[in-house]
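Just below is one structure, and these are the notes that go with it.
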Amino acid sequence: MTKYYITTPIYYINDVPHIGHAYTTVAADVLARYHRAKGDEVFFLTGTDEHGAKIAEAAEKAGKTPQQFTDDLVPKFQEAWKVLNISYDQYFRTTNPEHEKFVQDFVTKLIEAGYVEKRKYEGLYCVGCEKYLKESELIDGLCPDHKKPPVKQSEENYFFLLSKPDLVTKLMKLIESGELGIAPESRRNEVLGKIKAGLEDISISRAGVKWGIPFPADPEQTIYVWVDALLNYYTATKIYDKENFWPADQHLMAKDILWFHAVIWPAMLLALDLPTPKKVFAHGYFTINNQKMSKTIGNVIDPIEVVRKFGVDAVRYALLREFPFGEDGDISLEKIEGHYNSLANNIGNLLQRTLSMINRYNIVIPTEAEESGSPKILRLSASRRIAQDDNIITVNAELDRLDFMGALKKIDEVAISTNKNIAENEPWVLAKEGKTDELASVLISALDNLRLIAELIVPFMPETAEKMAKQLKTLQPEPIFPRLEK
Ligand code: MSP
């Protein structure tokens, strides 16, 4: 059995999850379900990043210890993922004591292998990013992402020697050979360009941050939160007995943290001669109503609330159908509602009218054995089968490329053309004229396409797929996307 190990980032747990986190998580879930349907053995990992200054600050504001604070928030993440029907196999927390031990061991090995050095460091630190920023990265003296001035920090830190020539050579080879795939292509080129421009060593310890894993060689310092976080992908396989899944097949994240996943993370593994991930994919960032999502603007979408309004599958569909995975886009409640309505008008309507007419005109559905036994039906179904197979191949190829929007468009097209076929052939006229064979053939072919649609939507809309499959068996129609209450 083919193994497939897929991950989302582990999200900072300084607040409840928002629709941005849901986006990556839903995409990962679609891939996980797709691979399970193909018969692969899947390990789908998500979780939370619980150490560092950012979490400590949020906990202090809430008047809690960081441990209590994160303990209280984890169930909120898990609830959101449950509501969104996320089929993760394991939820990972970086405060897991076993993880802490593995991280310390890993850092110890990096030191032993000669990839760590102690140095004095002075720089501009942004807590929002949990990283040092260069003077040239600032806009009007502010962090471009968090719109806050970074704080001058000067400390003695331990550095990971990312610029060591042997490491850089190995990393370049890894990426250029495609052994580590970085997608989309434009992002891959960006990463390669930046590596060629020169890598700098990075500080991997913090003297000022207390909420973190103690640095093995120096208990006065803690391990940099990003080193701790990236290692989750590795330690999870050890803690949960999934070592045979290593290395990861697919890391998913947005472009904001691609550098960590495509450069720092593989370099850490290369330094210890460990197998490196096979693919990383950086999707785009989306705005809400064309504005950056922010509490102050008040445009943050709560995934649980939006599911309550539109149902889980319409939300999953809308997120992946609205703009191409890999590009930036925009989401809004109006847009999600628009997608709900098009699902109702297209797939929903096709299911209703087909089943109603099958009942109204007493169409007898041939069993599979009958279909292949009758030359007349066989001719019809053979060409249908070929068209259907083509659609399955196309959708699978799109899923293999992580082109979720393309796959959903294709599925929509099957429903659109089937609806069109019904409109053109006017079964109601055929019934009046007593053309029973033609009538049966139009409706049976529609039913057949509905079966195909029910199969193709499994990874995207598992609940709807199940409802459809049931109705296609019982032939009793029931709205799958009922009219929304105002
Ligand atoms: N804790 C780190 C990740 C460590 S992984 C070893 C982190 N956490 S985060 O909570 O800030 O999550 C960032 C991720 O959330 C992005 O990479 C993306 O997957 C998702 N998104 C957050 N906001 C988003 C948008 N507005 N649009 C698209 N994705 C968004 O970084």
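Letters A, B, ... mark the chains of the structure tokens in the order given; residue numbers begin at 1 per chain; ligand numbers begin at 1, in order shown.
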
Kindly work out which residues sit at most 6 Å from ligand 1, using only C-alpha atoms and all ligand atoms, and give the list as number ranges by chain. A: 9-12, 20-21, 24, 49, 229-230, 253-254, 256-257, 284-287

Give me the residues within 12 Å of Ala80 in chain A as a list of chain:residue names, counting only C-alpha atoms and dropping any in the same chain fewer than 3 places off.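 Result of the neighbour search: A:Val16, A:Pro17, A:His18, A:Ile19, A:His21, A:Ala22, A:Tyr23, A:Thr25, A:Val26, A:Leu73, A:Val74, A:Pro75, A:Lys76, A:Phe77, A:Val83, A:Leu84, A:Asn85, A:Ile86, A:Ser87, A:Asp302, A:Pro303, A:Ile304, A:Glu305, A:Val306, A:Val307, A:Arg308, A:Val312.
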
If you run DSSP on the backbone here, which positions in range 40-269 of chain A get alpha helix (DSSP H)? Please write them as a ChimeraX atom specification. /A:53-61,66-83,97-112,165-176,185-197,225-230,232-239,258-259,265-269

Skipping near chain neighbours, those fewer than 6 positions away, what residues fall within 10 Å of range 242-248 of chain A using only C-alpha atoms, listed as a PyMOL selection string? chain A and resi 2-7+41-44+233-236+274-280

Set out as JSON lines a contact list for range 224-254 of chain A and range 382-403 of chain A with a cut-off of 12 Å, giving each residue of range 224-254 of chain A that qualifies its closest atom pair and distance in Å to one decimal, counting only C-alpha atoms, ordered by chain and rising residue number.
```
{"residue": "A:Gln250", "atom": "CA", "partner": "A:Leu402", "partner_atom": "CA", "distance": 10.5}
{"residue": "A:His251", "atom": "CA", "partner": "A:Leu402", "partner_atom": "CA", "distance": 11.9}
{"residue": "A:Leu252", "atom": "CA", "partner": "A:Leu402", "partner_atom": "CA", "distance": 10.2}
```

Could you tell me which of A:Lys473, A:Lys173, A:Arg188, A:Lys64 comes closest to Asn14 in chain A if we count only C-alpha atoms?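 Of A:Lys473, A:Lys173, A:Arg188, A:Lys64, the one nearest Asn14 in chain A is A:Lys64, counting only C-alpha atoms.
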
Residues of range 69-173 of chain A within 9 Å of range 190-207 of chain A: nearest atom pair and distance (Å, one decimal) for each, counting only C-alpha atoms, sorted by chain and number, as a tab-separated table?
```
residue	atom	partner	partner_atom	distance
A:Val116	CA	A:Ile204	CA	8.8
A:Lys118	CA	A:Ser203	CA	8.9
A:Arg119	CA	A:Ser203	CA	8.7
A:Tyr121	CA	A:Ser203	CA	8.2
A:Tyr132	CA	A:Ser203	CA	8.9
A:Glu155	CA	A:Ala207	CA	6.8
A:Glu156	CA	A:Ala207	CA	7.4
A:Asn157	CA	A:Ser205	CA	5.5
A:Tyr158	CA	A:Ser205	CA	5.5
A:Phe159	CA	A:Ser203	CA	4.2
A:Phe160	CA	A:Ile202	CA	5.3
A:Leu161	CA	A:Asp201	CA	4.7
A:Leu162	CA	A:Asp201	CA	4.7
A:Ser163	CA	A:Leu199	CA	5.0
A:Lys164	CA	A:Asp201	CA	8.2
A:Val168	CA	A:Leu199	CA	7.8
A:Leu171	CA	A:Ile195	CA	8.9
A:Met172	CA	A:Leu192	CA	7.5
```

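Computed from the coordinates, the CA of Val442 in chain A to CA of Asn421 in chain A distance equals 7.7 Å.
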
Skip range 124-128 of chain A itself and residues of its chain fewer than 6 positions away, then list as a PyMOL selection string all residues within 8 Å of it, counting only C-alpha atoms. chain A and resi 53-54+134-135+143+146+148-153
